[in-house]
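These notes concern the structure reproduced below.
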Protein chains: 2
Amino acid sequence: MSPSLREERKIRTSATIAAAALDLFAARGYAAVTVAEVAAAARVGERTLYRYFADKEDLLFAEDDGWRASLRAAIEQEPAGEPPFTVLRGAAATLARALEDRREEVRRHGEVIASAPALAARERAKHAAWEADLAEGLCARGVAAGEARLLGRITVACFDEALTRWLAQDGPHRTLGAELDAAFAELGALAT
Amino acid sequence: MSPSLREERKIRTSATIAAAALDLFAARGYAAVTVAEVAAAARVGERTLYRYFADKEDLLFAEDDGWRASLRAAIEQEPAGEPPFTVLRGAAATLARALEDRREEVRRHGEVIASAPALAARERAKHAAWEADLAEGLCARGVAAGEARLLGRITVACFDEALTRWLAQDGPHRTLGAELDAAFAELGALAT
């Protein structure tokens with residue numbers, strides 16, 4: 001098996017386990033589900049599961065590294081000379097596009113996260129790491145540290161709010177991208 | 001002793017214990033200090049300390065309820081008809097004024113918080129609670145929930161960044177209020 005095929009299979013296995021975990025957590029509650037049950041549902045051994053995930057909590061944050069890498073890549077790929085906030089809006093829009101078809105999954109994920117203080121704490125830490133990533137990405141493009149930090153925080157604030165609104169709607173709903181644009185537009189309207 | 005005198009004494013005792021705790025934590029590291037040592041430094045018994053603080057972590061978040069109450073009060077006291085963001089800027093400025101003379105203490109507090117992941121997590125939870133308080137305060141003034149949440153998040157983002165900049169300066173420095181105004185002004189400049 002070639003290295004890239006092996007890599008692909010690893011990503012698929014990890015995603016299968018994470019999906020099985022979310023299904024079980026959403027159905028029966030995070031606390032009530034054991035790691036052994038997740039492994040069984042994903043049809044892997046417990047030892048295999050632990051090769052991919054350090055602990056039960058990790059099962060809900062499988063994609064973190066991937067999101068952070070794609071945020072960083074999106075910032076790097078914006079054309080040189082773009083205004084800093086435009087760069088971050090572009091990065092946030094990239095993330096929004098990646099989530100657009102996964103609304104029910106994102107909603108269930110959020111519900112499980114909200115059900116346990118330790119998970120909510122880790123979710124907040126994740127968003128703080130995003131803020132830092134966005135700021136670092138801008139600094140690498142020559143933006144001053146203070147401005148970069150503020151824009152990173154503002155961008156994550158708008159993204160979080162867009163996500164909240166996107167998930168709150170029942171039935172027909174606006175896209176996450178549209179909610180994100182709306183949040184940024186409201187921000188723009190504040191400048192009076 | 002009258003009820004108000006008793007209340008005053010309780011607040012003073014609590015502040016004395018919290019100050020002793022911060023001194024010890026800053027000098028010797030959070031993990032290395034015991035609750036008994038804090039009690040001894042504050043010249044109270046350990047049982048007295050536990051009447052004021054549920055646990056060691058609590059010693060660093062003594063003023064939380066007070067800050068939240070003053071944020072809520074500041075929002076209520078803004079004149080009717082003020083634009084929502086002006087209301088929150090006013091509330092943030094109230095908080096900034098209350099901290100203005102306590103820069104070294106706030107800096108040491110921040111350093112202790114940053115030294116332990118559990119404390120950093122609680123600090124993030126505290127800021128999330130502020131966001132919710134600000135949003136609720138706006139909702140009570142008739143602002144729509146989504147707009148109120150976004151403005152709450154944005155205001156805390158600006159306040160956090162102002163605090164970071166205020167603490168980062170050595171020697172002569174701008175006031176926290178000035179840093180807050182600057183952060184809000186940068187936000188305004190984004191609307192292009």
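In the structure tokens, each chain is lettered A, B, ... as it comes, each chain's residues begin at 1, and ligands are numbered from 1 in order of appearance.
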Dump as a count of residues only the residues of chain B that approach chain A to within 10 Å, counting only C-alpha atoms.
41
Matching each Cα of chain B to the same-order Cα of chain A and superposing by least squares, what RMSD do you find?
0.0 Å
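The shell of residues at most 6 Å from Ile75 in chain A, with only C-alpha atoms counted and near chain neighbours (fewer than 3 positions) removed, consists of Arg72, Glu78 and Ala91 of chain A.
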Can you write out the residues you just picked, keeping N, CA and C atoms, as an mmCIF file, in the first residue's frame?
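Contents of the output file out-v4.cif:
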```
data_model
loop_
_atom_site.group_PDB
_atom_site.id
_atom_site.type_symbol
_atom_site.label_atom_id
_atom_site.label_comp_id
_atom_site.auth_asym_id
_atom_site.auth_seq_id
_atom_site.Cartn_x
_atom_site.Cartn_y
_atom_site.Cartn_z
ATOM 1 N N ARG A 72 -5.209 28.117 8.432
ATOM 2 C CA ARG A 72 -3.878 28.677 8.162
ATOM 3 C C ARG A 72 -3.587 28.725 6.660
ATOM 4 N N GLU A 78 -4.589 33.783 0.490
ATOM 5 C CA GLU A 78 -5.205 35.050 0.066
ATOM 6 C C GLU A 78 -4.160 35.879 -0.692
ATOM 7 N N ALA A 91 -10.826 33.457 5.166
ATOM 8 C CA ALA A 91 -10.520 32.210 5.879
ATOM 9 C C ALA A 91 -11.779 31.667 6.559
#
```
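Across the structure, CA of Ile17 in chain A and CA of Ala42 in chain A are spaced 5.2 Å apart.
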Quick one: residues within 10 Å of Leu167 in chain B, only C-alpha atoms counted, chain neighbours fewer than 2 positions away excluded, as a PDB file with C-alpha atoms, in the first residue's frame?
```pdb
ATOM      1  CA  ARG B 103      -2.818  47.404  36.736  1.00  0.00           C
ATOM      2  CA  GLU B 104      -0.061  45.537  38.580  1.00  0.00           C
ATOM      3  CA  VAL B 106      -4.462  42.628  37.130  1.00  0.00           C
ATOM      4  CA  ARG B 107      -1.161  41.756  35.473  1.00  0.00           C
ATOM      5  CA  ARG B 108      -0.133  39.354  38.247  1.00  0.00           C
ATOM      6  CA  GLY B 110      -3.320  37.253  34.475  1.00  0.00           C
ATOM      7  CA  GLU B 161      -7.732  42.924  23.482  1.00  0.00           C
ATOM      8  CA  ALA B 162      -7.626  46.296  25.278  1.00  0.00           C
ATOM      9  CA  LEU B 163      -6.663  44.490  28.475  1.00  0.00           C
ATOM     10  CA  THR B 164      -3.908  42.566  26.685  1.00  0.00           C
ATOM     11  CA  ARG B 165      -2.457  45.767  25.229  1.00  0.00           C
ATOM     12  CA  GLN B 169       3.215  47.950  27.969  1.00  0.00           C
ATOM     13  CA  ASP B 170       6.198  48.624  30.187  1.00  0.00           C
ATOM     14  CA  HIS B 173       1.384  53.493  29.323  1.00  0.00           C
ATOM     15  CA  ARG B 174      -2.030  54.429  28.039  1.00  0.00           C
ATOM     16  CA  THR B 175      -5.004  53.938  30.330  1.00  0.00           C
ATOM     17  CA  LEU B 176      -7.217  50.880  29.925  1.00  0.00           C
TER      18      LEU B 176
END
```
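Between CA of Asp23 in chain A and CA of His127 in chain A the interatomic distance comes to 23.4 Å.
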